[in-house]
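Below is one structure, written out as structure tokens; comments come after it.
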Amino acid sequence: MTRTASLSRSTSESTVELQLDLDGTGRSSIDTSVPFYDHMLTAFAKHSLTDLTVRASGDTDIDAHHTVEDVAIVLGQAIRQALGDKAGISRYGDALVPLDEALAQAVVDISGRPYLVHSGEPAGFEHHLIGGHFTGSLVRHTFEALSFQAGLTVHVRVLGGRDPHHIAEAEYKAFARAFRQAKSLDPLVEGVPSTKGAL
């Protein structure tokens, strides 16, 4: 079984081309024209063991928001496509990840029911410019777009942290590690891990 996807999306605001392999080793080649986002997607690929290639451009002269959101949309759609019928997956994943003083927890359920619970970022985090171009509000926004497009139930909690870069990176890495567990193939699972018979 090959769990791969190759998708593209083009609007008046951005152009995105993306390829992924859920059974990779974490290799990545990322160029979204938003450097901090490239850093986060590289971390996601590495820690989820997903091979990921992204090429994106957009109206970042106006704001990074459009390009960042559209990449998250395509990434979510690619994950959903690559998962296929979800037969044999572990389904659930949970990770607690530190980055120096920051600590984040993520729980992922490949449920087919899109839902995001996101909490704990310190007051003002959403307004902070990380690297001078990526606002803290985009962290939640990317998880929201990705979760809804991929059909994931995701809980992300920031348990501590002071530096906005560290907080954001801990969140992305925690999500990556939880997703790695959830997408993994379990030899003991027969068919789809749901009493309904479908996810």
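Ordering of the structure tokens sets the chain letters (A, B, ...), residue numbers begin anew at 1 in every chain, and ligands are numbered from 1 in the order given.
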Quick one: which segment 108-172 of chain A residues come within 10 Å of segment 178-181 of chain A, and what is the nearest atom pair for each with the distance in Å to one decimal, counting only C-alpha atoms, rows ordered by chain and ascending number, as CSV?
residue,atom,partner,partner_atom,distance
A:Val108,CA,A:Ala178,CA,5.8
A:Asp109,CA,A:Phe179,CA,8.2
A:Ile110,CA,A:Phe179,CA,8.5
A:Leu152,CA,A:Phe179,CA,9.5
A:Val154,CA,A:Phe179,CA,9.3
A:Tyr172,CA,A:Ala178,CA,10.0
Return as a tab-separated table the residues of segment 37-80 of chain A lying at most 12 Å from segment 86-97 of chain A, together with the closest atom-to-atom pair for each and the distance in Å to one decimal, counting only C-alpha atoms, with rows in chain order and ascending residue number.
residue	atom	partner	partner_atom	distance
A:His47	CA	A:Val97	CA	10.8
A:Ser48	CA	A:Gly93	CA	11.0
A:Ile79	CA	A:Lys86	CA	11.0
A:Arg80	CA	A:Lys86	CA	9.3
Next, dump the selected residues to file, keeping only all heavy atoms, as a tab-separated table (two decimals), in the first residue's frame.
chain	number	residue	atom	x	y	z
A	47	HIS	N	9.58	15.23	12.41
A	47	HIS	CA	9.12	14.57	13.63
A	47	HIS	C	7.88	13.70	13.41
A	47	HIS	O	7.53	12.90	14.28
A	47	HIS	CB	8.90	15.60	14.73
A	47	HIS	CG	10.17	16.24	15.17
A	47	HIS	ND1	11.06	15.61	16.01
A	47	HIS	CD2	10.75	17.43	14.84
A	47	HIS	CE1	12.12	16.38	16.20
A	47	HIS	NE2	11.95	17.49	15.50
A	48	SER	N	7.22	13.84	12.27
A	48	SER	CA	6.11	12.93	11.96
A	48	SER	C	6.53	11.80	11.02
A	48	SER	O	5.74	10.93	10.70
A	48	SER	CB	4.95	13.70	11.32
A	48	SER	OG	5.30	14.16	10.02
A	79	ILE	N	-3.07	14.89	3.25
A	79	ILE	CA	-3.08	13.89	4.32
A	79	ILE	C	-4.32	13.02	4.22
A	79	ILE	O	-4.26	11.79	4.30
A	79	ILE	CB	-3.00	14.57	5.70
A	79	ILE	CG1	-1.59	15.13	5.94
A	79	ILE	CG2	-3.39	13.60	6.81
A	79	ILE	CD1	-1.45	15.98	7.18
A	80	ARG	N	-5.46	13.66	4.01
A	80	ARG	CA	-6.71	12.90	3.90
A	80	ARG	C	-6.66	11.92	2.72
A	80	ARG	O	-7.07	10.76	2.84
A	80	ARG	CB	-7.88	13.87	3.73
A	80	ARG	CG	-9.24	13.19	3.79
A	80	ARG	CD	-10.37	14.22	3.80
A	80	ARG	NE	-11.58	13.62	4.32
A	80	ARG	CZ	-12.42	14.21	5.15
A	80	ARG	NH1	-12.16	15.42	5.60
A	80	ARG	NH2	-13.51	13.61	5.56
Would you pick out the contacts of Gly132 of chain A at 12 Å or less, using only C-alpha atoms, so that residues sharing its chain but fewer than 2 positions from it are not included, and give the list as an MDAnalysis selection string?
chainID A and resid 34:37 63:64 127:130 134:136 164:165
May I have the selected residues written with all heavy atoms, as a CSV table (one decimal), in the first residue's frame?
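See again37.csv below for the written result:
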chain,number,residue,atom,x,y,z
A,34,VAL,N,7.6,32.0,3.2
A,34,VAL,CA,7.5,32.5,4.6
A,34,VAL,C,8.5,31.7,5.4
A,34,VAL,O,8.2,30.6,5.8
A,34,VAL,CB,6.0,32.3,5.1
A,34,VAL,CG1,5.9,32.9,6.5
A,34,VAL,CG2,5.0,33.0,4.1
A,35,PRO,N,9.7,32.3,5.7
A,35,PRO,CA,10.7,31.5,6.3
A,35,PRO,C,10.4,30.8,7.6
A,35,PRO,O,10.8,29.6,7.8
A,35,PRO,CB,11.9,32.5,6.5
A,35,PRO,CG,11.6,33.5,5.4
A,35,PRO,CD,10.1,33.6,5.3
A,36,PHE,N,9.7,31.4,8.5
A,36,PHE,CA,9.4,30.7,9.8
A,36,PHE,C,8.4,29.6,9.5
A,36,PHE,O,8.6,28.5,10.2
A,36,PHE,CB,8.8,31.7,10.8
A,36,PHE,CG,8.6,31.0,12.2
A,36,PHE,CD1,9.6,30.8,13.0
A,36,PHE,CD2,7.3,30.7,12.6
A,36,PHE,CE1,9.5,30.1,14.2
A,36,PHE,CE2,7.1,30.1,13.8
A,36,PHE,CZ,8.2,29.8,14.6
A,37,TYR,N,7.5,29.7,8.6
A,37,TYR,CA,6.6,28.6,8.3
A,37,TYR,C,7.4,27.5,7.6
A,37,TYR,O,7.1,26.3,7.9
A,37,TYR,CB,5.5,29.2,7.3
A,37,TYR,CG,4.3,28.3,7.1
A,37,TYR,CD1,3.8,27.6,8.2
A,37,TYR,CD2,3.6,28.3,5.9
A,37,TYR,CE1,2.6,26.8,8.0
A,37,TYR,CE2,2.5,27.5,5.7
A,37,TYR,CZ,2.0,26.8,6.8
A,37,TYR,OH,0.9,26.0,6.6
A,63,ASP,N,0.3,40.2,3.2
A,63,ASP,CA,0.3,39.5,4.4
A,63,ASP,C,0.7,38.1,4.2
A,63,ASP,O,0.4,37.6,3.1
A,63,ASP,CB,-1.1,39.6,5.0
A,63,ASP,CG,-1.2,39.2,6.5
A,63,ASP,OD1,-0.3,38.5,7.0
A,63,ASP,OD2,-2.2,39.5,7.1
A,64,ALA,N,1.3,37.5,5.2
A,64,ALA,CA,1.6,36.0,5.0
A,64,ALA,C,0.4,35.1,5.2
A,64,ALA,O,0.5,34.0,4.8
A,64,ALA,CB,2.7,35.7,6.1
A,127,HIS,N,-0.5,38.2,18.6
A,127,HIS,CA,-0.1,39.5,18.0
A,127,HIS,C,1.4,39.5,17.7
A,127,HIS,O,1.9,40.4,17.0
A,127,HIS,CB,-0.5,40.7,18.8
A,127,HIS,CG,-2.0,40.7,19.1
A,127,HIS,ND1,-2.9,40.8,18.2
A,127,HIS,CD2,-2.6,40.7,20.3
A,127,HIS,CE1,-4.1,40.8,18.7
A,127,HIS,NE2,-4.0,40.8,20.0
A,128,HIS,N,2.2,38.6,18.3
A,128,HIS,CA,3.6,38.6,18.2
A,128,HIS,C,4.1,38.3,16.8
A,128,HIS,O,3.6,37.3,16.2
A,128,HIS,CB,4.3,37.7,19.2
A,128,HIS,CG,5.7,37.9,19.3
A,128,HIS,ND1,6.3,38.8,20.2
A,128,HIS,CD2,6.8,37.4,18.6
A,128,HIS,CE1,7.6,38.8,20.1
A,128,HIS,NE2,7.9,37.9,19.1
A,129,LEU,N,5.0,39.0,16.2
A,129,LEU,CA,5.6,38.7,14.9
A,129,LEU,C,6.8,37.8,15.2
A,129,LEU,O,7.8,38.3,15.8
A,129,LEU,CB,6.0,40.0,14.2
A,129,LEU,CG,4.9,40.7,13.5
A,129,LEU,CD1,5.5,42.0,12.9
A,129,LEU,CD2,4.3,39.9,12.4
A,130,ILE,N,6.8,36.6,14.7
A,130,ILE,CA,7.9,35.7,14.9
A,130,ILE,C,8.7,35.7,13.6
A,130,ILE,O,8.2,35.5,12.5
A,130,ILE,CB,7.4,34.2,15.1
A,130,ILE,CG1,6.4,34.2,16.3
A,130,ILE,CG2,8.6,33.3,15.4
A,130,ILE,CD1,5.8,32.9,16.5
A,134,PHE,N,5.7,36.3,10.6
A,134,PHE,CA,4.7,35.2,10.9
A,134,PHE,C,4.0,35.5,12.3
A,134,PHE,O,4.7,35.5,13.3
A,134,PHE,CB,5.4,33.8,11.0
A,134,PHE,CG,4.5,32.6,11.2
A,134,PHE,CD1,4.2,31.9,10.1
A,134,PHE,CD2,4.1,32.3,12.4
A,134,PHE,CE1,3.4,30.7,10.3
A,134,PHE,CE2,3.3,31.1,12.6
A,134,PHE,CZ,2.9,30.4,11.5
A,135,THR,N,2.8,35.9,12.2
A,135,THR,CA,2.1,36.3,13.5
A,135,THR,C,1.7,35.0,14.3
A,135,THR,O,1.4,34.0,13.7
A,135,THR,CB,0.8,37.1,13.2
A,135,THR,OG1,0.0,36.4,12.3
A,135,THR,CG2,1.2,38.5,12.6
A,136,GLY,N,1.7,35.2,15.6
A,136,GLY,CA,1.4,34.0,16.4
A,136,GLY,C,0.0,33.5,16.2
A,136,GLY,O,-0.2,32.3,16.3
A,164,PRO,N,8.0,33.3,22.1
A,164,PRO,CA,7.0,32.9,21.1
A,164,PRO,C,7.5,31.9,20.1
A,164,PRO,O,6.8,31.0,19.7
A,164,PRO,CB,6.7,34.2,20.4
A,164,PRO,CG,6.9,35.3,21.5
A,164,PRO,CD,8.1,34.7,22.2
A,165,HIS,N,8.8,32.0,19.7
A,165,HIS,CA,9.4,31.0,18.8
A,165,HIS,C,9.3,29.6,19.4
A,165,HIS,O,8.9,28.6,18.8
A,165,HIS,CB,10.8,31.4,18.4
A,165,HIS,CG,11.5,30.5,17.4
A,165,HIS,ND1,12.4,31.0,16.5
A,165,HIS,CD2,11.4,29.2,17.2
A,165,HIS,CE1,12.9,30.0,15.8
A,165,HIS,NE2,12.3,28.9,16.2
Excluding same-chain residues fewer than 5 positions from Ser111 of chain A, what lies within 7 Å of it counting only C-alpha atoms, as a count of residues only?
4
Which neighbours of segment 11-23 of chain A fall inside 6 Å, counting only C-alpha atoms, when residues of the same chain fewer than 3 positions from it are skipped, and could you give them as a PyMOL selection string?
chain A and resi 3-8+50-59+67
Among chain A, which residues carry a DSSP assignment of strand (DSSP E), reported as an MDAnalysis selection string?
chainID A and resid 4:10 14:21 28:31 51:58 92:99 102:109 115:119 129:130 134:135 153:160
